[in-house]
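This is run05.txt (compact mmCIF, N, CA and C atoms).
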```
# COMPACT_ATOMS: atom_id res chain seq x y z
N MET A 12 -15.26 -2.52 -1.89
CA MET A 12 -15.35 -3.24 -3.15
C MET A 12 -14.37 -2.64 -4.14
N LEU A 13 -13.66 -3.48 -4.83
CA LEU A 13 -12.67 -3.02 -5.79
C LEU A 13 -13.35 -2.45 -7.02
N ASN A 14 -12.77 -1.37 -7.52
CA ASN A 14 -13.32 -0.84 -8.76
C ASN A 14 -12.52 -1.40 -9.94
N GLU A 15 -13.02 -1.18 -11.11
CA GLU A 15 -12.41 -1.75 -12.32
C GLU A 15 -10.97 -1.26 -12.52
N ALA A 16 -10.73 0.01 -12.23
CA ALA A 16 -9.38 0.56 -12.41
C ALA A 16 -8.38 -0.14 -11.50
N GLU A 17 -8.76 -0.36 -10.25
CA GLU A 17 -7.86 -1.07 -9.32
C GLU A 17 -7.56 -2.48 -9.82
N GLU A 18 -8.57 -3.16 -10.31
CA GLU A 18 -8.40 -4.52 -10.83
C GLU A 18 -7.45 -4.54 -12.02
N VAL A 19 -7.63 -3.61 -12.95
CA VAL A 19 -6.80 -3.57 -14.16
C VAL A 19 -5.35 -3.22 -13.81
N ILE A 20 -5.17 -2.23 -12.96
CA ILE A 20 -3.81 -1.84 -12.57
C ILE A 20 -3.12 -2.98 -11.84
N HIS A 21 -3.84 -3.66 -10.98
CA HIS A 21 -3.23 -4.78 -10.27
C HIS A 21 -2.88 -5.93 -11.22
N ALA A 22 -3.74 -6.20 -12.17
CA ALA A 22 -3.46 -7.25 -13.15
C ALA A 22 -2.18 -6.92 -13.93
N ARG A 23 -1.99 -5.66 -14.25
CA ARG A 23 -0.75 -5.24 -14.95
C ARG A 23 0.45 -5.40 -14.03
N ALA A 24 0.28 -5.11 -12.74
CA ALA A 24 1.39 -5.26 -11.78
C ALA A 24 1.79 -6.73 -11.65
N VAL A 25 0.81 -7.62 -11.70
CA VAL A 25 1.11 -9.06 -11.64
C VAL A 25 1.97 -9.46 -12.84
N VAL A 26 1.57 -9.03 -14.03
CA VAL A 26 2.32 -9.37 -15.25
C VAL A 26 3.71 -8.72 -15.21
N ALA A 27 3.79 -7.47 -14.78
CA ALA A 27 5.09 -6.78 -14.70
C ALA A 27 6.01 -7.45 -13.69
N SER A 28 5.47 -7.88 -12.56
CA SER A 28 6.28 -8.56 -11.54
C SER A 28 6.84 -9.87 -12.08
N GLU A 29 6.00 -10.62 -12.77
CA GLU A 29 6.45 -11.89 -13.36
C GLU A 29 7.53 -11.64 -14.41
N ALA A 30 7.35 -10.60 -15.23
CA ALA A 30 8.33 -10.28 -16.28
C ALA A 30 9.65 -9.82 -15.67
N ALA A 31 9.59 -8.99 -14.63
CA ALA A 31 10.81 -8.50 -13.98
C ALA A 31 11.58 -9.66 -13.35
N THR A 32 10.86 -10.58 -12.74
CA THR A 32 11.50 -11.75 -12.13
C THR A 32 12.13 -12.63 -13.22
N ALA A 33 11.39 -12.89 -14.29
CA ALA A 33 11.89 -13.72 -15.39
C ALA A 33 13.10 -13.10 -16.07
N ALA A 34 13.14 -11.76 -16.12
CA ALA A 34 14.26 -11.06 -16.76
C ALA A 34 15.49 -11.00 -15.86
N GLY A 35 15.32 -11.41 -14.62
CA GLY A 35 16.45 -11.42 -13.70
C GLY A 35 16.82 -10.05 -13.15
N LEU A 36 15.88 -9.13 -13.14
CA LEU A 36 16.17 -7.81 -12.56
C LEU A 36 16.50 -7.96 -11.08
N PRO A 37 17.38 -7.11 -10.57
CA PRO A 37 17.74 -7.21 -9.15
C PRO A 37 16.54 -6.92 -8.26
N GLY A 38 16.47 -7.61 -7.15
CA GLY A 38 15.38 -7.40 -6.21
C GLY A 38 14.31 -8.45 -6.34
N THR A 39 13.30 -8.31 -5.49
CA THR A 39 12.16 -9.21 -5.49
C THR A 39 10.95 -8.44 -6.00
N PHE A 40 10.16 -9.08 -6.84
CA PHE A 40 8.95 -8.48 -7.40
C PHE A 40 7.80 -9.42 -7.14
N SER A 41 6.72 -8.87 -6.60
CA SER A 41 5.58 -9.71 -6.29
C SER A 41 4.31 -8.86 -6.27
N ALA A 42 3.22 -9.46 -6.68
CA ALA A 42 1.91 -8.81 -6.61
C ALA A 42 0.92 -9.89 -6.20
N TRP A 43 0.11 -9.61 -5.18
CA TRP A 43 -0.80 -10.61 -4.67
C TRP A 43 -2.06 -9.98 -4.09
N ARG A 44 -3.05 -10.84 -3.83
CA ARG A 44 -4.30 -10.46 -3.18
C ARG A 44 -4.31 -11.08 -1.79
N GLU A 45 -4.77 -10.30 -0.84
CA GLU A 45 -4.84 -10.80 0.53
C GLU A 45 -5.99 -10.10 1.26
N ASP A 46 -6.96 -10.87 1.70
CA ASP A 46 -8.10 -10.34 2.47
C ASP A 46 -8.78 -9.16 1.77
N GLY A 47 -8.95 -9.27 0.46
CA GLY A 47 -9.61 -8.21 -0.30
C GLY A 47 -8.70 -7.05 -0.67
N LEU A 48 -7.44 -7.11 -0.28
CA LEU A 48 -6.47 -6.06 -0.59
C LEU A 48 -5.59 -6.51 -1.75
N LEU A 49 -5.09 -5.55 -2.50
CA LEU A 49 -4.19 -5.83 -3.61
C LEU A 49 -2.83 -5.24 -3.25
N ALA A 50 -1.81 -6.07 -3.17
CA ALA A 50 -0.48 -5.60 -2.75
C ALA A 50 0.52 -5.79 -3.88
N VAL A 51 1.44 -4.81 -3.98
CA VAL A 51 2.52 -4.88 -4.96
C VAL A 51 3.82 -4.58 -4.21
N LEU A 52 4.81 -5.45 -4.37
CA LEU A 52 6.10 -5.32 -3.70
C LEU A 52 7.22 -5.31 -4.72
N ALA A 53 8.11 -4.35 -4.59
CA ALA A 53 9.36 -4.31 -5.36
C ALA A 53 10.44 -3.92 -4.37
N THR A 54 11.46 -4.77 -4.20
CA THR A 54 12.47 -4.49 -3.18
C THR A 54 13.63 -3.64 -3.68
N ALA A 55 13.78 -3.49 -4.98
CA ALA A 55 14.85 -2.64 -5.49
C ALA A 55 14.58 -1.20 -5.05
N PRO A 56 15.56 -0.54 -4.40
CA PRO A 56 15.32 0.81 -3.88
C PRO A 56 14.82 1.81 -4.92
N GLU A 57 15.31 1.73 -6.13
CA GLU A 57 14.89 2.69 -7.16
C GLU A 57 13.46 2.43 -7.65
N LEU A 58 12.89 1.29 -7.27
CA LEU A 58 11.51 0.98 -7.67
C LEU A 58 10.56 0.96 -6.48
N ARG A 59 10.96 1.56 -5.37
CA ARG A 59 10.14 1.54 -4.16
C ARG A 59 8.78 2.22 -4.37
N PHE A 60 8.68 3.11 -5.34
CA PHE A 60 7.40 3.78 -5.61
C PHE A 60 6.32 2.79 -6.05
N LEU A 61 6.72 1.60 -6.47
CA LEU A 61 5.75 0.58 -6.88
C LEU A 61 5.09 -0.12 -5.70
N ARG A 62 5.64 0.04 -4.51
CA ARG A 62 5.10 -0.63 -3.31
C ARG A 62 3.78 0.01 -2.93
N THR A 63 2.71 -0.72 -3.17
CA THR A 63 1.38 -0.17 -2.87
C THR A 63 0.46 -1.23 -2.30
N ILE A 64 -0.54 -0.75 -1.59
CA ILE A 64 -1.67 -1.58 -1.17
C ILE A 64 -2.92 -0.82 -1.59
N THR A 65 -3.71 -1.43 -2.45
CA THR A 65 -4.96 -0.83 -2.91
C THR A 65 -6.12 -1.72 -2.49
N GLY A 66 -7.32 -1.29 -2.81
CA GLY A 66 -8.51 -2.04 -2.41
C GLY A 66 -8.88 -1.77 -0.97
N VAL A 67 -8.35 -0.70 -0.40
CA VAL A 67 -8.59 -0.36 1.01
C VAL A 67 -9.99 0.22 1.17
N THR A 68 -10.70 -0.28 2.17
CA THR A 68 -12.03 0.24 2.53
C THR A 68 -12.02 0.53 4.03
N GLU A 69 -13.08 1.14 4.50
CA GLU A 69 -13.17 1.40 5.94
C GLU A 69 -13.14 0.08 6.72
N ALA A 70 -13.78 -0.94 6.16
CA ALA A 70 -13.84 -2.23 6.85
C ALA A 70 -12.49 -2.94 6.93
N ASN A 71 -11.65 -2.80 5.89
CA ASN A 71 -10.38 -3.52 5.90
C ASN A 71 -9.16 -2.62 6.17
N LEU A 72 -9.38 -1.36 6.53
CA LEU A 72 -8.27 -0.46 6.82
C LEU A 72 -7.35 -1.02 7.91
N PRO A 73 -7.87 -1.56 9.03
CA PRO A 73 -6.95 -2.13 10.02
C PRO A 73 -6.10 -3.27 9.44
N ARG A 74 -6.68 -4.10 8.59
CA ARG A 74 -5.93 -5.19 7.96
C ARG A 74 -4.88 -4.64 7.00
N ALA A 75 -5.23 -3.56 6.28
CA ALA A 75 -4.27 -2.93 5.37
C ALA A 75 -3.07 -2.39 6.14
N VAL A 76 -3.32 -1.78 7.29
CA VAL A 76 -2.23 -1.27 8.12
C VAL A 76 -1.38 -2.42 8.63
N GLN A 77 -2.03 -3.51 9.02
CA GLN A 77 -1.30 -4.69 9.49
C GLN A 77 -0.43 -5.26 8.36
N LEU A 78 -0.99 -5.37 7.17
CA LEU A 78 -0.24 -5.88 6.02
C LEU A 78 0.93 -4.95 5.70
N ALA A 79 0.72 -3.65 5.78
CA ALA A 79 1.80 -2.69 5.50
C ALA A 79 2.94 -2.82 6.49
N GLY A 80 2.67 -3.36 7.66
CA GLY A 80 3.71 -3.55 8.67
C GLY A 80 4.37 -4.91 8.61
N ALA A 81 4.00 -5.74 7.64
CA ALA A 81 4.56 -7.09 7.53
C ALA A 81 6.05 -7.05 7.19
N SER A 82 6.74 -8.10 7.52
CA SER A 82 8.20 -8.15 7.33
C SER A 82 8.62 -8.13 5.86
N CYS A 83 7.74 -8.48 4.94
CA CYS A 83 8.12 -8.51 3.52
C CYS A 83 8.54 -7.14 2.99
N TRP A 84 8.12 -6.08 3.65
CA TRP A 84 8.44 -4.72 3.19
C TRP A 84 9.81 -4.26 3.69
N ASN A 85 10.46 -5.05 4.52
CA ASN A 85 11.80 -4.73 5.03
C ASN A 85 11.88 -3.33 5.66
N ARG A 86 10.90 -3.03 6.50
CA ARG A 86 10.85 -1.75 7.22
C ARG A 86 10.74 -0.53 6.30
N ASP A 87 10.31 -0.74 5.09
CA ASP A 87 10.07 0.35 4.14
C ASP A 87 8.66 0.14 3.60
N PRO A 88 7.66 0.57 4.36
CA PRO A 88 6.27 0.22 4.05
C PRO A 88 5.76 0.81 2.74
N PRO A 89 4.72 0.19 2.22
CA PRO A 89 4.13 0.64 0.96
C PRO A 89 3.24 1.85 1.16
N THR A 90 2.79 2.41 0.06
CA THR A 90 1.79 3.47 0.08
C THR A 90 0.41 2.81 0.12
N LEU A 91 -0.42 3.23 1.07
CA LEU A 91 -1.82 2.79 1.10
C LEU A 91 -2.60 3.75 0.23
N VAL A 92 -3.25 3.25 -0.80
CA VAL A 92 -4.05 4.09 -1.67
C VAL A 92 -5.49 4.03 -1.16
N LEU A 93 -5.97 5.16 -0.66
CA LEU A 93 -7.29 5.22 -0.04
C LEU A 93 -8.32 5.79 -1.00
N PRO A 94 -9.54 5.29 -0.96
CA PRO A 94 -10.59 5.83 -1.82
C PRO A 94 -11.03 7.21 -1.31
N PRO A 95 -11.66 8.00 -2.18
CA PRO A 95 -12.15 9.31 -1.75
C PRO A 95 -13.07 9.17 -0.54
N GLY A 96 -12.89 10.04 0.44
CA GLY A 96 -13.74 10.05 1.62
C GLY A 96 -13.23 9.22 2.78
N LEU A 97 -12.31 8.31 2.54
CA LEU A 97 -11.79 7.47 3.62
C LEU A 97 -10.50 8.09 4.13
N LEU A 98 -10.52 8.45 5.39
CA LEU A 98 -9.33 9.02 6.03
C LEU A 98 -8.91 8.12 7.17
N PRO A 99 -7.63 8.00 7.40
CA PRO A 99 -7.17 7.28 8.58
C PRO A 99 -7.71 7.94 9.83
N VAL A 100 -7.84 7.20 10.89
CA VAL A 100 -8.45 7.68 12.13
C VAL A 100 -7.92 9.03 12.58
N PRO A 101 -6.59 9.28 12.65
CA PRO A 101 -6.12 10.57 13.14
C PRO A 101 -6.46 11.74 12.24
N CYS A 102 -6.81 11.47 10.96
CA CYS A 102 -7.06 12.54 10.00
C CYS A 102 -8.54 12.82 9.80
N ARG A 103 -9.41 12.06 10.38
CA ARG A 103 -10.84 12.17 10.06
C ARG A 103 -11.45 13.51 10.43
N SER A 104 -10.85 14.22 11.36
CA SER A 104 -11.41 15.51 11.74
C SER A 104 -11.16 16.59 10.69
N THR A 105 -10.29 16.32 9.72
CA THR A 105 -9.96 17.32 8.71
C THR A 105 -10.92 17.29 7.52
N GLY A 106 -11.85 16.35 7.50
CA GLY A 106 -12.83 16.30 6.43
C GLY A 106 -12.55 15.20 5.44
N PRO A 107 -13.37 15.12 4.38
CA PRO A 107 -13.23 14.03 3.41
C PRO A 107 -11.91 14.10 2.66
N ALA A 108 -11.42 12.94 2.29
CA ALA A 108 -10.17 12.87 1.53
C ALA A 108 -10.46 13.18 0.06
N PRO A 109 -9.56 13.90 -0.59
CA PRO A 109 -9.75 14.16 -2.02
C PRO A 109 -9.52 12.88 -2.82
N ALA A 110 -10.02 12.84 -4.03
CA ALA A 110 -9.82 11.67 -4.89
C ALA A 110 -8.33 11.40 -5.05
N GLY A 111 -7.95 10.14 -4.97
CA GLY A 111 -6.56 9.77 -5.14
C GLY A 111 -5.69 9.99 -3.93
N PHE A 112 -6.29 10.31 -2.78
CA PHE A 112 -5.53 10.52 -1.56
C PHE A 112 -4.73 9.28 -1.23
N GLN A 113 -3.50 9.47 -0.79
CA GLN A 113 -2.65 8.35 -0.41
C GLN A 113 -2.17 8.57 1.01
N ALA A 114 -1.98 7.51 1.73
CA ALA A 114 -1.45 7.59 3.09
C ALA A 114 -0.14 6.85 3.15
N ARG A 115 0.82 7.44 3.81
CA ARG A 115 2.10 6.78 4.03
C ARG A 115 2.12 6.35 5.48
N VAL A 116 2.39 5.11 5.72
CA VAL A 116 2.34 4.57 7.08
C VAL A 116 3.74 4.53 7.65
N SER A 117 3.89 5.08 8.85
CA SER A 117 5.18 5.07 9.52
C SER A 117 5.21 3.93 10.53
N PHE A 118 6.25 3.11 10.46
CA PHE A 118 6.38 1.97 11.36
C PHE A 118 7.65 2.09 12.18
N ARG A 119 7.87 3.22 12.77
CA ARG A 119 9.05 3.39 13.61
C ARG A 119 8.87 2.66 14.93
N ARG A 120 7.61 2.47 15.32
CA ARG A 120 7.35 1.66 16.51
C ARG A 120 7.39 0.19 16.13
N ARG A 121 7.50 -0.65 17.10
CA ARG A 121 7.59 -2.09 16.85
C ARG A 121 6.29 -2.66 16.29
N LYS A 122 5.15 -2.16 16.74
CA LYS A 122 3.86 -2.70 16.32
C LYS A 122 3.07 -1.62 15.58
N ALA A 123 2.52 -1.99 14.42
CA ALA A 123 1.74 -1.04 13.63
C ALA A 123 0.34 -0.89 14.19
N SER A 124 -0.20 0.29 14.07
CA SER A 124 -1.59 0.53 14.44
C SER A 124 -2.12 1.65 13.56
N THR A 125 -3.43 1.82 13.53
CA THR A 125 -4.00 2.88 12.70
C THR A 125 -3.57 4.25 13.20
N SER A 126 -3.12 4.36 14.43
CA SER A 126 -2.68 5.67 14.92
C SER A 126 -1.33 6.07 14.33
N SER A 127 -0.65 5.14 13.64
CA SER A 127 0.65 5.47 13.06
C SER A 127 0.54 5.95 11.62
N ILE A 128 -0.67 6.16 11.12
CA ILE A 128 -0.85 6.61 9.74
C ILE A 128 -0.77 8.12 9.69
N THR A 129 -0.02 8.64 8.73
CA THR A 129 0.04 10.07 8.50
C THR A 129 -0.25 10.33 7.04
N PRO A 130 -0.91 11.45 6.72
CA PRO A 130 -1.19 11.74 5.31
C PRO A 130 0.11 11.88 4.53
N TYR A 131 0.10 11.46 3.29
CA TYR A 131 1.27 11.51 2.43
C TYR A 131 0.82 11.95 1.06
N ARG A 132 1.46 12.96 0.56
CA ARG A 132 1.19 13.41 -0.81
C ARG A 132 2.52 13.61 -1.49
N ARG A 133 2.62 13.14 -2.71
CA ARG A 133 3.86 13.34 -3.46
C ARG A 133 3.98 14.79 -3.86
N ALA A 134 5.20 15.29 -3.82
CA ALA A 134 5.45 16.70 -4.18
C ALA A 134 5.43 16.88 -5.67
```
Can I see the file as structure tokens?
Amino acid sequence: MLNEAEEVIHARAVVASEAATAAGLPGTFSAWREDGLLAVLATAPELRFLRTITGVTEANLPRAVQLAGASCWNRDPPTLVLPPGLLPVPCRSTGPAPAGFQARVSFRRRKASTSSITPYRRA
């Protein structure tokens, strides 16, 4: 279930994407909802940090991984923002995830799977 912060941040991303597109900024900007997930796409390389998928739960984690592997990301997948306590399958033995934990998904293989998720933390 989405929390209020996720909803508000996504609503701002929708408005920012529309404004960036209307202003004619280079690249594609989009924010959408899909299967309970909230996705934000920015194709300009300097704005790649905006590429996120939020609203991830244990139930929709496989769908989030599938969405992160979609062609719209141009082989540069988004950051999956995971709620506290939810770890990708390969990381579950390390214990609960700290608040704000993020996972970076690697899609070097042709097909995405939950086994391709590795923990990602910004330096």
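Note that atom C of A:Val26 and atom N of A:Val92 are 20.0 Å apart.
Among the candidate residues A:Leu93, A:Ala55, A:Ala42, A:Ala50, the one lying nearest to A:Val67 is A:Leu93, with distances computed using only N, CA and C atoms.
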*Expressed in Å to a single decimal, how great is the separation between atom CA of A:Ala30 and atom CA of A:Val76?*
28.1 Å
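Of the residues listed (A:Asn14, A:Thr39, A:Thr90, A:Ser82), A:Thr90 shows the shortest atom-to-atom separation from A:Phe60; distances use all atoms listed in the file.
Pairwise distance (atom N of A:Arg44, atom N of A:Arg59) equals 18.8 Å.
Checking A:Ser28, A:Asn71, A:Thr54, A:Ser41 one by one against A:Trp84, counting all atoms listed in the file, you find the shortest gap at A:Thr54.
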Coordinates of box centre and edge lengths for stretch 34-40 of chain A, 3 Å on every side, axis-aligned, as lines of an AutoDock Vina configuration file:
```
center_x = 12.8
center_y = -9.3
center_z = -11.1
size_x = 15.9
size_y = 10.8
size_z = 17.3
```
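Using only N, CA and C atoms for every distance, the candidate list A:Leu91, A:Trp43, A:Leu97, A:Cys83 yields A:Leu91 as the residue closest to A:Ile64.
For the choices A:Phe40, A:Ala53, A:Pro94, A:Gly80, the atom-to-atom distance to A:Thr65 is smallest for A:Pro94 when using only C-alpha atoms.
Take the candidates A:Pro37, A:His21, A:Gln77, A:Gly47 and check each one against A:Leu61 using only C-alpha atoms; the shortest distance goes to A:His21.
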_All alpha helix (DSSP H) residues (DSSP, backbone) inside stretch 22-75 of chain A, as JSON, numbers by chain_ = {"A": [22, 23, 24, 25, 26, 27, 28, 29, 30, 31, 32, 33, 72, 73, 74, 75]}
